[in-house]
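File shown here: data-v1.cif, holding mmCIF, C-alpha atoms.
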```cif
data_input
#
loop_
_atom_site.group_PDB
_atom_site.id
_atom_site.type_symbol
_atom_site.label_atom_id
_atom_site.label_comp_id
_atom_site.auth_asym_id
_atom_site.auth_seq_id
_atom_site.Cartn_x
_atom_site.Cartn_y
_atom_site.Cartn_z
ATOM 1 C CA MET A 129 0.000 0.000 0.000
ATOM 2 C CA ALA A 130 2.667 2.484 1.034
ATOM 3 C CA HIS A 131 4.723 1.932 -2.127
ATOM 4 C CA VAL A 132 1.987 1.433 -4.747
ATOM 5 C CA VAL A 133 -1.481 2.630 -3.747
ATOM 6 C CA TYR A 134 -0.573 5.689 -1.707
ATOM 7 C CA PRO A 135 1.957 7.096 -4.248
ATOM 8 C CA LEU A 136 -0.670 6.764 -6.996
ATOM 9 C CA GLU A 137 -3.298 8.443 -4.844
ATOM 10 C CA THR A 138 -0.820 11.204 -4.059
ATOM 11 C CA LEU A 139 -0.669 11.885 -7.805
ATOM 12 C CA GLY A 140 -4.455 12.259 -7.853
ATOM 13 C CA THR A 141 -5.137 8.770 -9.202
ATOM 14 C CA ILE A 142 -8.302 6.957 -8.105
ATOM 15 C CA VAL A 143 -7.251 3.441 -7.106
ATOM 16 C CA LYS A 144 -9.732 0.559 -7.109
ATOM 17 C CA LEU A 145 -8.922 -2.960 -5.896
ATOM 18 C CA VAL A 146 -10.325 -6.338 -6.918
ATOM 19 C CA VAL A 147 -9.477 -8.920 -4.243
ATOM 20 C CA THR A 148 -9.853 -12.705 -4.149
ATOM 21 C CA ASP A 149 -9.062 -14.963 -1.198
ATOM 22 C CA CYS A 150 -9.673 -18.482 -2.480
ATOM 23 C CA LEU A 151 -9.572 -21.796 -0.676
ATOM 24 C CA SER A 152 -7.121 -24.273 -2.178
ATOM 25 C CA VAL A 153 -8.877 -27.503 -3.173
ATOM 26 C CA ASP A 154 -8.010 -30.590 -5.204
ATOM 27 C CA HIS A 155 -11.065 -30.365 -7.455
ATOM 28 C CA LYS A 156 -13.168 -27.422 -8.627
ATOM 29 C CA ASP A 157 -16.402 -29.194 -7.694
ATOM 30 C CA GLU A 158 -15.260 -29.912 -4.150
ATOM 31 C CA GLY A 159 -17.965 -29.024 -1.652
ATOM 32 C CA PRO A 160 -17.947 -25.967 0.632
ATOM 33 C CA THR A 161 -15.479 -26.037 3.489
ATOM 34 C CA ASP A 162 -13.885 -23.546 5.846
ATOM 35 C CA HIS A 163 -10.772 -21.763 4.671
ATOM 36 C CA LYS A 164 -7.789 -23.403 6.334
ATOM 37 C CA CYS A 165 -5.754 -20.237 6.075
ATOM 38 C CA SER A 166 -8.155 -17.431 5.246
ATOM 39 C CA MET A 167 -6.393 -14.096 5.074
ATOM 40 C CA TRP A 168 -9.470 -11.950 4.584
ATOM 41 C CA ASP A 169 -9.405 -10.182 7.960
ATOM 42 C CA GLU A 170 -5.787 -9.190 7.400
ATOM 43 C CA LEU A 171 -6.394 -8.322 3.747
ATOM 44 C CA LEU A 172 -9.313 -6.061 4.628
ATOM 45 C CA GLU A 173 -7.241 -4.314 7.267
ATOM 46 C CA VAL A 174 -4.522 -3.576 4.726
ATOM 47 C CA TYR A 175 -6.450 -2.899 1.516
ATOM 48 C CA ALA A 176 -9.197 -0.791 3.100
ATOM 49 C CA ARG A 177 -6.800 1.245 5.221
ATOM 50 C CA PRO A 178 -7.366 4.989 4.693
ATOM 51 C CA ALA A 179 -4.608 6.869 2.957
ATOM 52 C CA PRO A 180 -2.389 8.941 5.254
ATOM 53 C CA VAL A 181 -3.755 12.416 5.834
ATOM 54 C CA GLU A 182 -0.992 14.020 3.781
ATOM 55 C CA VAL A 183 -2.152 12.031 0.734
ATOM 56 C CA GLY A 184 -5.682 13.390 1.058
ATOM 57 C CA MET A 185 -4.360 16.920 1.545
ATOM 58 C CA ARG A 186 -2.567 16.682 -1.798
ATOM 59 C CA GLY A 187 -5.790 15.802 -3.580
ATOM 60 C CA GLY A 188 -4.857 12.182 -4.157
ATOM 61 C CA ALA A 189 -7.943 10.649 -2.614
ATOM 62 C CA SER A 190 -9.186 7.243 -3.659
ATOM 63 C CA GLY A 191 -12.830 6.387 -4.067
ATOM 64 C CA GLY A 192 -13.064 5.786 -0.319
ATOM 65 C CA ASP A 193 -11.218 8.885 0.824
ATOM 66 C CA GLY A 194 -13.729 11.596 -0.028
ATOM 67 C CA GLY A 195 -15.589 13.538 2.653
ATOM 68 C CA GLY A 196 -14.736 14.896 6.077
ATOM 69 C CA GLY A 197 -11.616 14.170 8.080
ATOM 70 C CA GLY A 198 -11.022 12.373 11.313
ATOM 71 C CA GLY A 199 -8.804 9.930 13.137
ATOM 72 C CA GLY A 200 -5.599 11.401 11.708
ATOM 73 C CA GLU A 201 -5.702 8.955 8.778
ATOM 74 C CA GLY A 202 -7.011 9.790 5.343
ATOM 75 C CA ARG A 203 -10.428 11.270 4.780
ATOM 76 C CA GLY A 204 -13.930 9.857 4.887
ATOM 77 C CA GLY A 205 -15.903 7.998 7.502
ATOM 78 C CA ASP A 206 -15.782 4.811 5.441
ATOM 79 C CA GLY A 207 -11.991 4.895 5.460
ATOM 80 C CA GLY A 208 -10.613 3.149 2.404
ATOM 81 C CA ARG A 209 -13.349 0.548 1.966
ATOM 82 C CA GLU A 210 -14.686 2.252 -1.156
ATOM 83 C CA ARG A 211 -11.322 1.463 -2.673
ATOM 84 C CA LEU A 212 -12.594 -2.133 -2.951
ATOM 85 C CA LEU A 213 -14.308 -2.520 -6.319
ATOM 86 C CA ALA A 214 -15.013 -6.257 -5.980
ATOM 87 C CA VAL A 215 -14.226 -8.984 -3.439
ATOM 88 C CA ASP A 216 -14.602 -12.776 -3.471
ATOM 89 C CA THR A 217 -13.754 -14.759 -0.334
ATOM 90 C CA THR A 218 -15.892 -17.799 -1.192
ATOM 91 C CA CYS A 219 -13.963 -18.973 -4.261
ATOM 92 C CA ARG A 220 -12.299 -22.388 -4.451
ATOM 93 C CA SER A 221 -9.155 -22.749 -6.561
ATOM 94 C CA ILE A 222 -7.216 -25.781 -7.774
ATOM 95 C CA GLY A 223 -4.054 -23.776 -8.383
ATOM 96 C CA GLN A 224 -2.408 -20.534 -9.386
ATOM 97 C CA GLY A 225 -3.743 -20.498 -12.929
ATOM 98 C CA HIS A 226 -7.286 -21.141 -11.750
ATOM 99 C CA ASN A 227 -6.994 -18.377 -9.165
ATOM 100 C CA ILE A 228 -5.811 -15.895 -11.801
ATOM 101 C CA ARG A 229 -8.807 -16.812 -13.951
ATOM 102 C CA ILE A 230 -11.197 -16.331 -11.016
ATOM 103 C CA THR A 231 -9.688 -12.905 -10.319
ATOM 104 C CA LEU A 232 -9.771 -11.721 -13.942
ATOM 105 C CA ASP A 233 -13.377 -12.881 -14.279
ATOM 106 C CA LEU A 234 -14.277 -10.983 -11.107
ATOM 107 C CA PHE A 235 -12.648 -7.853 -12.514
ATOM 108 C CA SER A 236 -14.441 -8.286 -15.844
ATOM 109 C CA ALA A 237 -17.766 -8.729 -14.067
ATOM 110 C CA ALA A 238 -17.142 -5.563 -12.046
ATOM 111 C CA LEU A 239 -16.414 -3.683 -15.264
ATOM 112 C CA GLY A 240 -19.610 -5.079 -16.720
ATOM 113 C CA ARG A 241 -21.632 -3.675 -13.842
ATOM 114 C CA LEU A 242 -20.074 -0.309 -14.599
ATOM 115 C CA GLY A 243 -20.929 -0.585 -18.302
ATOM 116 C CA MET A 244 -17.363 -1.384 -19.345
ATOM 117 C CA ALA A 245 -17.691 -5.032 -20.336
ATOM 118 C CA ASN A 246 -16.647 -4.302 -23.930
ATOM 119 C CA THR A 247 -13.318 -2.536 -23.535
ATOM 120 C CA SER A 248 -13.143 -1.632 -27.229
ATOM 121 C CA SER A 249 -16.310 0.431 -26.876
ATOM 122 C CA LEU A 250 -14.606 2.720 -24.377
ATOM 123 C CA SER A 251 -12.207 4.295 -26.832
ATOM 124 C CA GLY A 252 -12.429 8.041 -26.831
ATOM 125 C CA THR A 253 -14.217 8.157 -23.476
ATOM 126 C CA PRO A 254 -11.719 9.821 -21.115
ATOM 127 C CA GLY A 255 -12.389 9.371 -17.432
ATOM 128 C CA ALA A 256 -14.837 6.499 -17.972
ATOM 129 C CA ARG A 257 -12.269 3.701 -17.883
ATOM 130 C CA PRO A 258 -9.225 2.503 -15.948
ATOM 131 C CA ASP A 259 -5.815 3.644 -17.134
ATOM 132 C CA LEU A 260 -3.550 0.995 -15.601
ATOM 133 C CA VAL A 261 -4.227 -2.578 -14.468
ATOM 134 C CA ILE A 262 -1.863 -4.284 -12.002
ATOM 135 C CA VAL A 263 -2.228 -8.015 -11.306
ATOM 136 C CA THR A 264 -0.256 -9.274 -8.322
ATOM 137 C CA ARG A 265 -0.318 -11.574 -5.304
ATOM 138 C CA HIS A 266 -1.099 -11.078 -1.633
ATOM 139 C CA ASP A 267 2.343 -12.339 -0.584
ATOM 140 C CA VAL A 268 4.291 -9.692 -2.490
ATOM 141 C CA GLY A 269 5.753 -6.880 -0.427
ATOM 142 C CA PHE A 270 7.165 -3.731 -2.018
ATOM 143 C CA ILE A 271 10.529 -2.131 -1.311
ATOM 144 C CA LEU A 272 10.520 0.611 -3.937
ATOM 145 C CA PRO A 273 7.703 3.094 -4.703
ATOM 146 C CA ILE A 274 5.994 2.576 -8.053
ATOM 147 C CA THR A 275 7.202 6.010 -9.138
ATOM 148 C CA GLN A 276 10.774 4.657 -9.024
ATOM 149 C CA TRP A 277 10.297 1.339 -10.838
ATOM 150 C CA ALA A 278 12.498 0.725 -13.874
ATOM 151 C CA ALA A 279 9.426 0.243 -16.084
ATOM 152 C CA LYS A 280 8.936 3.669 -17.645
ATOM 153 C CA ASP A 281 6.129 3.116 -20.124
ATOM 154 C CA PHE A 282 3.065 1.977 -18.211
ATOM 155 C CA GLU A 283 0.806 3.625 -20.791
ATOM 156 C CA ARG A 284 1.741 1.437 -23.783
ATOM 157 C CA THR A 285 3.678 -1.569 -22.483
ATOM 158 C CA PHE A 286 2.578 -4.898 -21.058
ATOM 159 C CA ASN A 287 5.073 -5.587 -18.275
ATOM 160 C CA PHE A 288 6.025 -8.903 -16.757
ATOM 161 C CA PHE A 289 7.828 -8.555 -13.441
ATOM 162 C CA SER A 290 11.244 -9.819 -14.605
ATOM 163 C CA ARG A 291 12.978 -12.594 -16.436
ATOM 164 C CA CYS A 292 13.545 -15.879 -14.622
ATOM 165 C CA GLU A 293 16.948 -17.137 -13.507
ATOM 166 C CA GLU A 294 19.386 -18.254 -16.171
ATOM 167 C CA ARG A 295 19.034 -21.912 -17.170
ATOM 168 C CA SER A 296 15.465 -21.994 -15.916
ATOM 169 C CA PRO A 297 13.707 -25.326 -16.537
ATOM 170 C CA TYR A 298 11.089 -23.280 -18.400
ATOM 171 C CA GLY A 299 13.614 -22.039 -20.949
ATOM 172 C CA GLU A 300 15.004 -18.612 -21.825
ATOM 173 C CA SER A 301 11.563 -17.140 -22.442
ATOM 174 C CA CYS A 302 10.576 -17.840 -18.828
ATOM 175 C CA VAL A 303 9.123 -14.841 -16.996
ATOM 176 C CA ASN A 304 8.658 -14.101 -13.306
ATOM 177 C CA ASP A 305 4.894 -14.307 -12.741
ATOM 178 C CA ILE A 306 4.498 -12.529 -9.383
ATOM 179 C CA MET A 307 3.160 -9.356 -11.003
ATOM 180 C CA HIS A 308 1.935 -7.973 -14.321
ATOM 181 C CA THR A 309 1.081 -4.420 -15.327
ATOM 182 C CA MET A 310 -0.757 -3.333 -18.438
ATOM 183 C CA PRO A 311 -2.624 -0.358 -19.856
ATOM 184 C CA PHE A 312 -6.340 -1.029 -19.836
ATOM 185 C CA ASP A 313 -6.292 -1.349 -23.640
ATOM 186 C CA LEU A 314 -4.149 -4.505 -23.252
ATOM 187 C CA PHE A 315 -6.185 -6.112 -20.475
ATOM 188 C CA GLY A 316 -8.310 -7.986 -23.010
ATOM 189 C CA LYS A 317 -5.141 -9.448 -24.558
ATOM 190 C CA PHE A 318 -3.942 -10.735 -21.175
ATOM 191 C CA ASN A 319 -7.401 -12.007 -20.340
ATOM 192 C CA ASP A 320 -7.390 -13.987 -23.582
ATOM 193 C CA ALA A 321 -3.846 -15.280 -23.009
ATOM 194 C CA VAL A 322 -4.522 -16.732 -19.560
ATOM 195 C CA GLY A 323 -5.311 -20.431 -19.860
ATOM 196 C CA ARG A 324 -3.706 -20.824 -23.270
ATOM 197 C CA MET A 325 -0.521 -22.425 -24.602
ATOM 198 C CA SER A 326 1.603 -21.231 -27.522
ATOM 199 C CA GLU A 327 2.645 -23.630 -30.282
ATOM 200 C CA SER A 328 6.325 -23.072 -29.439
ATOM 201 C CA ASP A 329 5.679 -23.985 -25.794
ATOM 202 C CA LYS A 330 3.941 -27.191 -26.855
ATOM 203 C CA ALA A 331 7.021 -28.167 -28.845
ATOM 204 C CA VAL A 332 9.686 -27.128 -26.315
ATOM 205 C CA THR A 333 8.195 -27.773 -22.884
ATOM 206 C CA PRO A 334 5.191 -30.075 -23.206
ATOM 207 C CA GLN A 335 5.690 -31.253 -19.620
ATOM 208 C CA HIS A 336 4.871 -27.772 -18.333
ATOM 209 C CA GLY A 337 2.445 -25.869 -20.402
ATOM 210 C CA GLY A 338 1.065 -22.508 -21.194
ATOM 211 C CA CYS A 339 0.102 -19.248 -19.573
ATOM 212 C CA PHE A 340 -1.578 -19.878 -16.213
ATOM 213 C CA MET A 341 -3.146 -23.077 -17.465
ATOM 214 C CA GLU A 342 -5.608 -24.405 -14.902
ATOM 215 C CA GLY A 343 -3.606 -25.377 -11.817
ATOM 216 C CA LYS A 344 -0.324 -24.187 -13.372
ATOM 217 C CA ASN A 345 1.890 -21.100 -13.072
ATOM 218 C CA GLY A 346 2.535 -18.204 -15.448
ATOM 219 C CA HIS A 347 6.238 -18.685 -16.194
ATOM 220 C CA GLU A 348 5.451 -19.502 -19.834
ATOM 221 C CA CYS A 349 3.184 -16.549 -20.527
ATOM 222 C CA TYR A 350 5.702 -14.652 -22.637
ATOM 223 C CA ASN A 351 5.195 -16.558 -25.886
ATOM 224 C CA VAL A 352 1.408 -16.497 -25.511
ATOM 225 C CA MET A 353 1.374 -12.746 -24.869
ATOM 226 C CA ALA A 354 3.849 -12.137 -27.691
ATOM 227 C CA LYS A 355 1.418 -13.909 -30.012
ATOM 228 C CA GLU A 356 -1.504 -11.871 -28.661
ATOM 229 C CA LEU A 357 0.463 -8.680 -29.319
ATOM 230 C CA GLN A 358 1.700 -9.923 -32.705
ATOM 231 C CA GLU A 359 5.333 -9.621 -31.710
ATOM 232 C CA GLY A 360 6.365 -13.217 -32.359
ATOM 233 C CA GLY A 361 9.562 -14.856 -31.197
ATOM 234 C CA GLY A 362 10.312 -16.569 -27.917
ATOM 235 C CA GLN A 363 12.941 -14.299 -26.405
ATOM 236 C CA PRO A 364 11.823 -11.580 -23.980
ATOM 237 C CA LYS A 365 12.578 -8.217 -25.520
ATOM 238 C CA ALA A 366 14.722 -5.641 -23.810
ATOM 239 C CA GLN A 367 13.146 -3.128 -21.446
ATOM 240 C CA GLY A 368 11.531 -0.364 -23.491
ATOM 241 C CA GLY A 369 10.200 -2.636 -26.244
ATOM 242 C CA ALA A 370 7.114 -1.512 -28.100
ATOM 243 C CA HIS A 371 4.635 -3.721 -26.269
ATOM 244 C CA VAL A 372 6.378 -6.175 -23.905
ATOM 245 C CA GLY A 373 8.655 -5.069 -21.088
ATOM 246 C CA PHE A 374 9.649 -5.751 -17.510
ATOM 247 C CA ILE A 375 8.966 -3.962 -14.272
ATOM 248 C CA THR A 376 12.591 -4.456 -13.260
ATOM 249 C CA ASN A 377 15.840 -5.288 -15.029
ATOM 250 C CA TRP A 378 16.818 -7.396 -11.995
ATOM 251 C CA ARG A 379 17.099 -11.127 -12.597
ATOM 252 C CA PRO A 380 17.109 -13.826 -9.886
ATOM 253 C CA ARG A 381 20.164 -15.989 -9.422
ATOM 254 C CA SER A 382 18.373 -19.256 -8.678
ATOM 255 C CA ASN A 383 14.703 -18.697 -7.753
ATOM 256 C CA VAL A 384 12.010 -16.207 -8.759
ATOM 257 C CA ARG A 385 11.018 -15.794 -5.091
ATOM 258 C CA GLU A 386 14.322 -14.094 -4.278
ATOM 259 C CA ARG A 387 14.274 -10.556 -2.933
ATOM 260 C CA SER A 388 14.612 -8.082 -5.806
ATOM 261 C CA ASP A 389 15.229 -4.356 -6.039
ATOM 262 C CA VAL A 390 11.454 -3.769 -6.134
ATOM 263 C CA THR A 391 9.767 -6.537 -4.136
ATOM 264 C CA TYR A 392 10.126 -9.427 -1.742
ATOM 265 C CA VAL A 393 7.892 -12.481 -1.528
ATOM 266 C CA TYR A 394 6.866 -14.033 1.766
ATOM 267 C CA GLY A 395 4.796 -17.126 2.396
ATOM 268 C CA CYS A 396 2.008 -18.348 4.600
ATOM 269 C CA LYS A 397 3.625 -20.309 7.431
ATOM 270 C CA GLY A 398 2.061 -22.075 10.358
ATOM 271 C CA LYS A 399 -1.487 -23.179 10.981
ATOM 272 C CA GLY A 400 -4.611 -21.665 12.424
ATOM 273 C CA LYS A 401 -6.092 -18.183 12.605
ATOM 274 C CA GLY A 402 -3.500 -15.442 12.356
ATOM 275 C CA ALA A 403 -0.989 -17.623 10.547
ATOM 276 C CA CYS A 404 -1.216 -15.522 7.375
ATOM 277 C CA VAL A 405 -0.393 -11.984 8.391
ATOM 278 C CA LEU A 406 0.406 -9.239 5.898
ATOM 279 C CA ARG A 407 3.306 -7.109 7.081
#
```
Please lay out the structure from this file as structure tokens.
Amino acid sequence: MAHVVYPLETLGTIVKLVVTDCLSVDHKDEGPTDHKCSMWDELLEVYARPAPVEVGMRGGASGGDGGGGGGGEGRGGDGGRERLLAVDTTCRSIGQGHNIRITLDLFSAALGRLGMANTSSLSGTPGARPDLVIVTRHDVGFILPITQWAAKDFERTFNFFSRCEERSPYGESCVNDIMHTMPFDLFGKFNDAVGRMSESDKAVTPQHGGCFMEGKNGHECYNVMAKELQEGGGQPKAQGGAHVGFITNWRPRSNVRERSDVTYVYGCKGKGKGACVLR
């Protein structure tokens, strides 16, 4: 929040969040059951936290920060809850790819309720559409403010977080899948890419497979997105490419969960209530 949401709100940007907290299950049709490690209480505390008062004073209020002051934090009696555009804490997911699909569908449904289901119909309608879409995980913490990230062209470029380590089992086109940013115009391309496999991936790494295929990860999304953007080729382009870039030029030495110059990744350890705490 302090390094992404608040800096954007300081610039006068209205930030809206779509949040999913899904139960991990073996099968999609598995019956209802209690979350074994539900993080919703902690997530709500973090994501609905009012912006610091200095953010509101600079005119960078989010949707939930309008109105009178109070409490020394942000503005508005509802705090930052209006920042939450859509929430799903009842979803059941069989893996990372399935969870990404659930989240993108929730976002699309929220846009539909706002009359934005067809993104192409929004062209030429300033102020009636999102500018930037960021897809990330709950267990990603930020070290560097978004205003200082290496990615310079958020308006035209689809950004993966980084490349993977050298000699990755997923090949040289492997990308770090902990975060993606895209202008709203490219959201439809990413939405279409999720759950698909490129022909080159089928030939090179059939044992893995595709861009967030159901139950799988997103390390092989590059070739699928390159096809969506008509860029071709399997090698990630250098930062500053026309359509595909990276949030950071950093590259892990052995594991994509390593601490980078922008983020760190922490896990859910322990059992029982309070085991998953956002710091």
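Counting from CA of Asn377 (chain A), the distance to CA of Tyr134 (chain A) is 23.8 Å.
Note that CA of Asn287 (chain A) and CA of Arg385 (chain A) are 17.7 Å apart.
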Any idea what's packed within 9 Å of His226 (chain A), counting all atoms listed in the file, ignoring anything in its chain fewer than 4 positions away? Could you give it as a tab-separated table (two decimals) with C-alpha atoms, in the frame of the given file?
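Result file is result-v3.tsv:
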```tsv
chain	number	residue	atom	x	y	z
A	220	ARG	CA	-12.30	-22.39	-4.45
A	221	SER	CA	-9.15	-22.75	-6.56
A	222	ILE	CA	-7.22	-25.78	-7.77
A	230	ILE	CA	-11.20	-16.33	-11.02
A	231	THR	CA	-9.69	-12.90	-10.32
A	323	GLY	CA	-5.31	-20.43	-19.86
A	340	PHE	CA	-1.58	-19.88	-16.21
A	341	MET	CA	-3.15	-23.08	-17.46
A	342	GLU	CA	-5.61	-24.40	-14.90
A	343	GLY	CA	-3.61	-25.38	-11.82
A	344	LYS	CA	-0.32	-24.19	-13.37
```
Name the residues captured by the PyMOL selection byres ((chain A and resi 235) around 12) when it is applied to the shown file; answer as a ChimeraX atom specification.
-> /A:144-148,212-216,228-234,236-242,244-245,258,261-263,312,315-316,319
Expected selection from the PyMOL selection byres ((chain A and resi 391) around 12), given as an MDAnalysis selection string = chainID A and resid 131:132 264:265 267:274 277 289:290 304 306:307 375:376 378 380 384:390 392:394
